[in-house]
Amino acid sequence: MRPKIDPLDLAGKILQGDRLALARACTEVENDTPAGEAVISSLFRHSGQAHIVGITGSPGTGKSSLVNRLAKEYRSRHANHQVAVIAVDPTSPFSGGAVLGDRVRMRDLFGDERVFIRSMATRGALGGLARQTNALTQLFDCAGYQLILVETVGAGQSEVDIVRLAHTTLVVEAPGLGDDIQAIKAGILEIADILVINKADHPGADATERSLRMMLELSHQRPKSMVYHHHNTGEDSRAAKDEEPEGWLPPVLRTVAIENRGVSELLDEVAAHRTWLEANDLWQSRERQRVRADLQSLLQERLFSAWRTAQPVDLLEVMIERVMSREVSPFEAIEQVLSGRG
Amino acid sequence: MSEGKIRVLVAKPGLDGHDRGAKVIARALRDAGMEVIYTGLRQTPEMIAEAALQEDVDAVGLSILSGAHMALVPRVLDLLKKQGQGKVSLFVGGIIPEEDVSALKEMGVAAVYGPGTSTQVVAEAIRAAVEKQTA
């Protein structure tokens with residue numbers, strides 16, 4: 001469908017600040033093409049500078065409006081910095097299509113050439129991000145963006161992939177969305193580096209703050225590297241050395257994004273969290289964790305497809321049939337495949 | 001490696017506040033398997049072109065009910081061309097008088113749709129236009 005892309009040409013243009021080249025590279029990365037990989041590979045030495053900030057929370061808490069204000073406030077403080085926004089919305093499980101509507105709330109950012117907003121559909125991934133969100137973040141980092149705001153899909157309780165991607169995770173709540181018991185359930189609140197009560201002018205903000213603070217006192221605070229992931233590809237026992245010392249108590253902040261209230265204080269806390277990470281050598285260890293998870297999932301993917309193409313027959317399909325007919329269990333099937341008795 | 005999706009920007013330029021048609025189209029294109037970037041009401045041609053660039057879309061759909069199409073559409077076409085996106089297909093929907101339709105097509109608009117057009121027809125036309133872009 002698309003014209004053939006020359007990755008080196010694209011990479012060169014990106015370094016010169018060509019925004020259309022960056023947009024085209026985003027598409028290649030999102031489609032997981034060899035050209036997309038080549039662009040990142042050729043620029044990778046420039047990366048490692050960006051502060052990646054995740055914004056997650058239930059639908060309707062005002063994440064997009066908050067991202068809009070945060071980007072604007074950051075730009076007013078850092079005249080020469082560039083800000084990328086990656087806004088993730090869900091793909092329809094039925095048609096494979098998506099309506100990506102986060103830009104509606106980000107119109108204030110129009111006209112600022114140092115802000116780049118990219119909408120992204122999950123394309124079937126379940127953790128609140130798309131499979132290629134990590135790679136897209138790398139691309140913006142390579143392109144010299146100092147702040148990357150990643151807005152997840154409206155997430156409920158277990159969409160916690162963002163914690164593996166971001167240096168700093170904001171969990172956004174709004175008054176009146178759940179009772180006290182929601183706050184003590186496991187999941188999304190536990191991943192917050194900063195808790196935000198947006199729409200704080202609505203009734204119930206005091207009660208929301210009380211239950212969040214109670215939750216914080218109870219749960220406080222587990223090392224990030226021990227976060228349990230539902231696909232559990234990232235961590236293993238070797239991750240233990242990346243454990244974080246205690247010392248960061250997630251602040252609870254009130255904002256009213258549409259009136260720009262509390263946004264400046266929120267950005268102060270985001271900066272403070274970065275300073276704290278760096279002062280405690282955690283910046284590096286979070287990077288290391290991320291690289292580990294990244295390499296591990298790439299390796300799994302590549303080994304699987306290499307294995308699959310090396311088979312004379314499609315063993316996977318053969319085994320699916322044998323399991324379907326209850327001839328063998330899934331465990332026996334894999335055992336036979338790996339020992340060459342399939 | 002996965003296949004790319006058709007990405008379409010659906011925008012509502014001009015000052016009228018009727019975005020029902022734009023939302024119906026956005027939803028229909030989603031159901032046709034496309035990724036639709038919806039930007040909301042009262043977009044200027046500059047905002048539309050900027051969003052089309054950042055999102056690297058294959059097609060742009062404009063919903064115009066205000067009667068200002070002869071001013072808005074050439075601006076959008078011009079901006080797209082200037083930023084290197086001359087190949088992006090532009091579709092216009094809304095209330096467009098017959099005599100303006102051929103003028104818009106002359107300018108480079110791929111198709112113009114009036115009220116009552118089946119959304120399936122629109123989705124098929126976008127798909128066909130995008131497939132043709134690189135042929």
# chains A, B, ... in the order shown; residues from 1 in each chain; ligands from 1

$ residues_around --residues "Arg77 (chain A)" --least-positions-apart "6" --cutoff "12 Å" --atoms "only C-alpha atoms" --output "number ranges by chain"
A: 70-71, 83, 264, 267-268, 271

$ select_by_dssp --residues "region 2-135 of chain B" --states "helix (DSSP H, G or I)" --output "PyMOL selection string"
chain B and resi 20-31+45-54+69-82+98-107+119-133

$ closest_residue --among "A:Leu303, A:Val256, A:Val263, A:Val104" --to "chain B" --atoms "only C-alpha atoms"
A:Val104

$ residues_around --residues "Ala110 (chain B)" --least-positions-apart "5" --cutoff "9 Å" --atoms "only C-alpha atoms" --output "NGL selection string"
:B and (89-92 or 104-105 or 125-126 or 129)

$ interface_residues --of "chain B" --to "chain A" --cutoff "7 Å" --atoms "only C-alpha atoms" --output "number ranges by chain"
B: 1-4, 26-27, 30-40, 47, 53-56, 131, 134

$ residues_around --residues "Glu317 (chain A)" --least-positions-apart "4" --cutoff "12 Å" --atoms "only C-alpha atoms" --output "ChimeraX atom specification"
/A:308,311,313,321-324,333,337,342

$ residues_around --residues "region 201-210 of chain A" --least-positions-apart "4" --cutoff "9 Å" --atoms "only C-alpha atoms" --output "list in words"
Glu173, Ala174, Pro175, Gly176, Leu177, Gly178, Asp179, Asp180, Ile197, Met214, Met215, Val252, Leu253, Arg254, Thr255 and Val256 of chain A
